[in-house]
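Raw start_12.csv, CSV, C-alpha atoms and all ligand atoms:
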```csv
chain,number,residue,atom,x,y,z
A,20,MET,CA,-36.1,-36.0,-28.4
A,21,THR,CA,-36.4,-39.6,-29.7
A,22,LYS,CA,-39.7,-41.4,-29.3
A,23,SER,CA,-38.5,-43.4,-26.3
A,24,GLU,CA,-37.2,-40.2,-24.7
A,25,VAL,CA,-40.7,-38.7,-25.1
A,26,VAL,CA,-42.3,-41.8,-23.5
A,27,LEU,CA,-39.7,-41.7,-20.6
A,28,TRP,CA,-40.3,-38.0,-20.1
A,29,ALA,CA,-44.1,-38.4,-20.1
A,30,ALA,CA,-43.9,-41.4,-17.7
A,31,SER,CA,-41.6,-39.6,-15.3
A,32,ALA,CA,-43.9,-36.6,-15.2
A,33,GLY,CA,-47.0,-38.9,-14.8
A,34,LEU,CA,-48.1,-37.4,-18.1
A,35,THR,CA,-49.0,-40.4,-20.2
A,36,LEU,CA,-52.7,-39.9,-20.2
A,37,ALA,CA,-52.4,-36.1,-20.6
A,38,VAL,CA,-50.0,-36.5,-23.6
A,39,VAL,CA,-52.3,-38.9,-25.3
A,40,GLY,CA,-55.2,-36.5,-24.7
A,41,PHE,CA,-53.1,-33.7,-26.1
A,42,ALA,CA,-52.1,-35.6,-29.3
A,43,ALA,CA,-55.7,-36.7,-29.9
A,44,SER,CA,-56.9,-33.1,-29.0
A,45,ALA,CA,-59.7,-34.4,-26.9
A,46,GLY,CA,-60.8,-30.8,-26.1
A,47,PRO,CA,-59.6,-27.5,-24.9
A,48,MET,CA,-59.7,-28.5,-21.2
A,49,GLU,CA,-57.5,-31.6,-21.8
A,50,ASP,CA,-55.2,-29.5,-24.1
A,51,ARG,CA,-54.7,-26.7,-21.6
A,52,GLN,CA,-54.2,-29.1,-18.7
A,53,ALA,CA,-51.5,-31.0,-20.7
A,54,ALA,CA,-49.9,-27.7,-21.7
A,55,MET,CA,-49.9,-26.4,-18.1
A,56,LYS,CA,-48.3,-29.7,-17.0
A,57,GLN,CA,-45.7,-29.3,-19.6
A,58,VAL,CA,-45.0,-25.8,-18.4
A,59,GLY,CA,-44.7,-27.1,-14.8
A,60,GLN,CA,-42.3,-29.7,-15.9
A,61,THR,CA,-40.2,-27.2,-17.9
A,62,MET,CA,-40.1,-24.8,-14.9
A,63,LYS,CA,-38.9,-27.6,-12.7
A,64,GLU,CA,-36.1,-28.4,-15.1
A,65,ALA,CA,-35.2,-24.8,-15.5
A,66,SER,CA,-35.1,-24.1,-11.7
A,67,ALA,CA,-31.8,-26.0,-11.5
A,68,PHE,CA,-30.2,-23.1,-13.5
A,69,ALA,CA,-31.2,-20.6,-10.8
A,70,SER,CA,-28.8,-22.4,-8.4
A,71,PRO,CA,-25.1,-21.8,-8.4
A,72,GLN,CA,-24.6,-25.6,-8.1
A,73,THR,CA,-25.7,-26.1,-11.7
A,74,PRO,CA,-23.3,-24.8,-14.4
A,75,PHE,CA,-25.2,-22.2,-16.4
A,76,ASP,CA,-26.2,-23.4,-19.9
A,77,ALA,CA,-27.5,-20.4,-21.8
A,78,ALA,CA,-28.6,-22.4,-24.8
A,79,LYS,CA,-30.6,-24.8,-22.7
A,80,VAL,CA,-32.1,-22.1,-20.7
A,81,LYS,CA,-33.1,-20.2,-23.8
A,82,ALA,CA,-34.8,-23.4,-25.2
A,83,LEU,CA,-36.6,-24.1,-22.0
A,84,MET,CA,-37.9,-20.6,-21.6
A,85,GLY,CA,-38.8,-20.4,-25.3
A,86,GLY,CA,-41.0,-23.5,-24.7
A,87,VAL,CA,-42.8,-21.7,-21.8
A,88,ALA,CA,-43.2,-18.6,-24.0
A,89,ASN,CA,-44.7,-20.6,-26.9
A,90,THR,CA,-47.0,-22.5,-24.6
A,91,GLY,CA,-48.2,-19.3,-23.1
A,92,LYS,CA,-49.2,-18.1,-26.6
A,93,LYS,CA,-51.0,-21.4,-27.4
A,94,LEU,CA,-52.8,-21.4,-24.0
A,95,LYS,CA,-54.7,-18.2,-25.0
A,96,SER,CA,-56.9,-20.1,-27.4
A,97,LEU,CA,-57.5,-23.0,-25.0
A,98,TYR,CA,-60.0,-21.2,-22.7
A,99,PRO,CA,-63.0,-20.8,-25.1
A,100,ALA,CA,-66.2,-19.6,-23.5
A,101,GLY,CA,-68.1,-22.5,-21.8
A,102,SER,CA,-65.1,-24.7,-21.4
A,103,GLY,CA,-64.9,-24.3,-17.6
A,104,SER,CA,-68.0,-26.3,-16.7
A,105,ASP,CA,-66.3,-29.7,-16.7
A,106,PRO,CA,-66.0,-31.0,-13.2
A,107,LYS,CA,-62.4,-32.1,-14.0
A,108,SER,CA,-61.4,-28.5,-14.8
A,109,SER,CA,-59.8,-26.4,-12.1
A,110,ALA,CA,-60.4,-23.3,-14.2
A,111,ASP,CA,-62.3,-20.7,-12.1
A,112,PRO,CA,-65.5,-19.2,-13.7
A,113,LYS,CA,-63.9,-15.8,-13.0
A,114,ILE,CA,-61.7,-16.4,-16.0
A,115,TRP,CA,-64.6,-15.7,-18.4
A,116,GLU,CA,-65.7,-12.7,-16.4
A,117,ASN,CA,-62.2,-11.2,-16.7
A,118,LYS,CA,-61.0,-12.7,-19.9
A,119,ALA,CA,-58.9,-9.7,-20.9
A,120,ASP,CA,-57.1,-9.7,-17.6
A,121,PHE,CA,-56.5,-13.5,-17.9
A,122,ASP,CA,-55.1,-13.2,-21.4
A,123,LYS,CA,-52.9,-10.3,-20.3
A,124,ARG,CA,-51.5,-12.5,-17.6
A,125,LEU,CA,-50.7,-15.3,-20.1
A,126,ALA,CA,-49.0,-12.7,-22.4
A,127,GLU,CA,-47.0,-11.5,-19.4
A,128,MET,CA,-46.0,-15.1,-18.6
A,129,SER,CA,-44.7,-15.4,-22.2
A,130,SER,CA,-42.8,-12.1,-22.2
A,131,LEU,CA,-41.2,-12.8,-18.9
A,132,ALA,CA,-40.2,-16.3,-20.1
A,133,LEU,CA,-38.6,-14.7,-23.2
A,134,ALA,CA,-36.7,-12.3,-21.0
A,135,ALA,CA,-35.5,-15.1,-18.7
A,136,GLY,CA,-34.4,-17.0,-21.8
A,137,LYS,CA,-32.1,-14.1,-22.8
A,138,THR,CA,-30.1,-14.2,-19.6
A,139,THR,CA,-26.5,-15.5,-19.6
A,140,SER,CA,-25.7,-16.2,-16.0
A,141,THR,CA,-27.1,-17.7,-12.9
A,142,ASP,CA,-27.1,-14.3,-11.3
A,143,THR,CA,-29.2,-12.7,-14.0
A,144,PHE,CA,-31.4,-15.8,-14.6
A,145,LYS,CA,-32.4,-16.2,-11.0
A,146,PRO,CA,-34.4,-13.0,-10.6
A,147,ALA,CA,-35.9,-13.3,-14.1
A,148,PHE,CA,-37.0,-16.9,-13.3
A,149,GLN,CA,-38.5,-15.8,-10.0
A,150,ALA,CA,-40.5,-13.0,-11.7
A,151,LEU,CA,-41.8,-15.6,-14.1
A,152,GLY,CA,-42.7,-18.0,-11.3
A,153,ALA,CA,-44.6,-15.1,-9.6
A,154,THR,CA,-46.9,-14.9,-12.7
A,155,CYS,CA,-47.8,-18.6,-12.2
A,156,LYS,CA,-48.7,-18.1,-8.6
A,157,SER,CA,-50.6,-14.9,-9.0
A,158,CYS,CA,-52.8,-16.3,-11.8
A,159,HIS,CA,-53.4,-19.5,-10.0
A,160,ASP,CA,-54.4,-17.6,-6.8
A,161,LEU,CA,-57.0,-15.7,-8.8
A,162,TYR,CA,-58.2,-18.1,-11.5
A,163,ARG,CA,-57.4,-21.7,-10.5
A,164,LYS,CA,-59.8,-23.5,-8.2
A,165,LYS,CA,-58.2,-25.2,-5.2
A,166,LYS,CA,-58.0,-28.9,-5.7
A,167,THR,CA,-60.8,-30.6,-3.7
A,168,SER,CA,-59.5,-34.1,-4.1
B,201,LIG,C1,-53.1,-16.6,-16.9
B,201,LIG,C2,-53.3,-17.6,-15.8
B,201,LIG,C3,-52.2,-18.6,-15.6
B,201,LIG,C4,-50.9,-18.5,-15.6
B,201,LIG,C5,-50.0,-17.3,-16.0
B,201,LIG,C6,-50.3,-19.8,-15.3
B,201,LIG,N1,-51.4,-20.7,-15.1
B,201,LIG,FE1,-51.2,-22.7,-14.6
B,201,LIG,N2,-53.2,-22.9,-14.6
B,201,LIG,C7,-54.1,-21.9,-14.8
B,201,LIG,C8,-55.5,-22.5,-14.8
B,201,LIG,C9,-56.7,-21.7,-15.0
B,201,LIG,C10,-55.3,-23.8,-14.5
B,201,LIG,C11,-56.5,-24.9,-14.5
B,201,LIG,C12,-56.8,-25.4,-15.9
B,201,LIG,C13,-58.0,-26.4,-15.9
B,201,LIG,O1,-58.0,-27.3,-15.1
B,201,LIG,O2,-58.8,-26.2,-16.8
B,201,LIG,C14,-53.9,-24.1,-14.4
B,201,LIG,C15,-53.3,-25.3,-14.2
B,201,LIG,C16,-52.0,-25.6,-14.0
B,201,LIG,C17,-51.4,-26.9,-13.7
B,201,LIG,C18,-52.2,-28.2,-13.5
B,201,LIG,C19,-52.5,-28.9,-14.8
B,201,LIG,C20,-53.3,-30.1,-14.6
B,201,LIG,O3,-54.5,-30.1,-14.8
B,201,LIG,O4,-52.7,-31.1,-14.2
B,201,LIG,C21,-50.0,-26.7,-13.6
B,201,LIG,C22,-49.0,-27.8,-13.3
B,201,LIG,C23,-49.7,-25.3,-13.9
B,201,LIG,N3,-51.0,-24.6,-14.1
B,201,LIG,C24,-48.5,-24.8,-13.9
B,201,LIG,C25,-48.2,-23.4,-14.2
B,201,LIG,C26,-46.9,-22.8,-14.2
B,201,LIG,C27,-45.6,-23.5,-13.8
B,201,LIG,C28,-47.0,-21.5,-14.6
B,201,LIG,C29,-46.0,-20.4,-14.8
B,201,LIG,C30,-44.8,-20.7,-15.6
B,201,LIG,C31,-48.4,-21.3,-14.9
B,201,LIG,N4,-49.1,-22.5,-14.6
B,201,LIG,C32,-49.0,-20.1,-15.2
B,201,LIG,C33,-53.8,-20.6,-15.0
B,201,LIG,C34,-52.5,-20.0,-15.2
```

Turn the structure described in the file into structure tokens.
Amino acid sequence: MTKSEVVLWAASAGLTLAVVGFAASAGPMEDRQAAMKQVGQTMKEASAFASPQTPFDAAKVKALMGGVANTGKKLKSLYPAGSGSDPKSSADPKIWENKADFDKRLAEMSSLALAAGKTTSTDTFKPAFQALGATCKSCHDLYRKKKTS
């Protein structure tokens, strides 16, 4: 991506502030929120390839899913103890009571993303993508506080 493409991408995703926070590494909470947003954006882009209306592009799917897998690995270090107390964080305190389970779910997200990235057709990508999407939802249900605002 060129610089202007990055800016466009960030603006379209409403990410400008988060990206700035990410680059400046304001703290683990900002970093993980920016990383999650990026994963959300990538998943949105990738969802097109689960539809027969979009010609399957194996290289693109592999790149998108590789991005999710790498972010999953990075996210593991972005939940240090004590980083859930910020009122701006939606991280549920249960994360730190069940850190091993939480980390296992992140690892599962990464391995399912890698598996989805190895598919070569809409028909094989679709179920792999849905399995990956299910890991987002099940973790959010358990460990992400509902938005109050
Ligand atoms: C292991 C648990 C876990 C998995 C798996 C997971 N998330 Fe999250 N996600 C969280 C938590 C916890 C937060 C809240 C972080 C915070 O506010 O500190 C979050 C926040 C988010 C946000 C909001 C970011 C923000 O602050 O604006 C998005 C978007 C998101 N996740 C997308 C996804 C997608 C898409 C997937 C699957 C590909 C996924 N997540 C998988 C735990 C998870």

Counting all atoms listed in the file, the option among A:Ala126, A:Leu97, A:Cys155, A:Met84 closest to ligand LIG 201 (chain B):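 Nearest to ligand LIG 201 (chain B): A:Cys155.
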
Neighbours of ligand LIG 201 (chain B) at 7 Å or closer, counting only C-alpha atoms and all ligand atoms: which residues, as a PyMOL selection string? chain A and resi 48+51-53+55-56+58-59+62+87+103+107-111+121-122+124-125+128+151-152+154-156+158-159+162-163

Of the candidates A:Ser129, A:Leu161, A:Thr143, A:Ala150, which one gets nearest to Asn89 (chain A) if we count all atoms listed in the file?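 Closest to Asn89 (chain A) of all the choices is A:Ser129.
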
Near Leu83 (chain A), within 12 Å and counting all atoms listed in the file, which residues show up once chain neighbours fewer than 3 positions away are dropped, as a PyMOL selection string? chain A and resi 57-68+76-80+86-90+129+132-137+148

Nearest to Lys81 (chain A), chosen from A:Lys165, A:Glu49, A:Thr138, A:Gln149, with all atoms listed in the file counted in the distances: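 Looking only at the distances to Lys81 (chain A), the closest residue turns out to be A:Thr138.
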
Residue nearest Ser96 (chain A) - candidates A:Ala54, A:Ala153, A:Leu131, A:Ala147, atoms counted: only C-alpha atoms: A:Ala54

Calculate how many Å separate CA of Ser157 (chain A) from CA of Gln72 (chain A), rounding to one decimal.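 Between CA of Ser157 (chain A) and CA of Gln72 (chain A) the gap is 28.1 Å.
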
Please indicate the distance in Å from CA of Lys118 (chain A) to CA of Pro106 (chain A), rounded to one decimal place.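 That distance, rounded to one decimal, is 20.1 Å.
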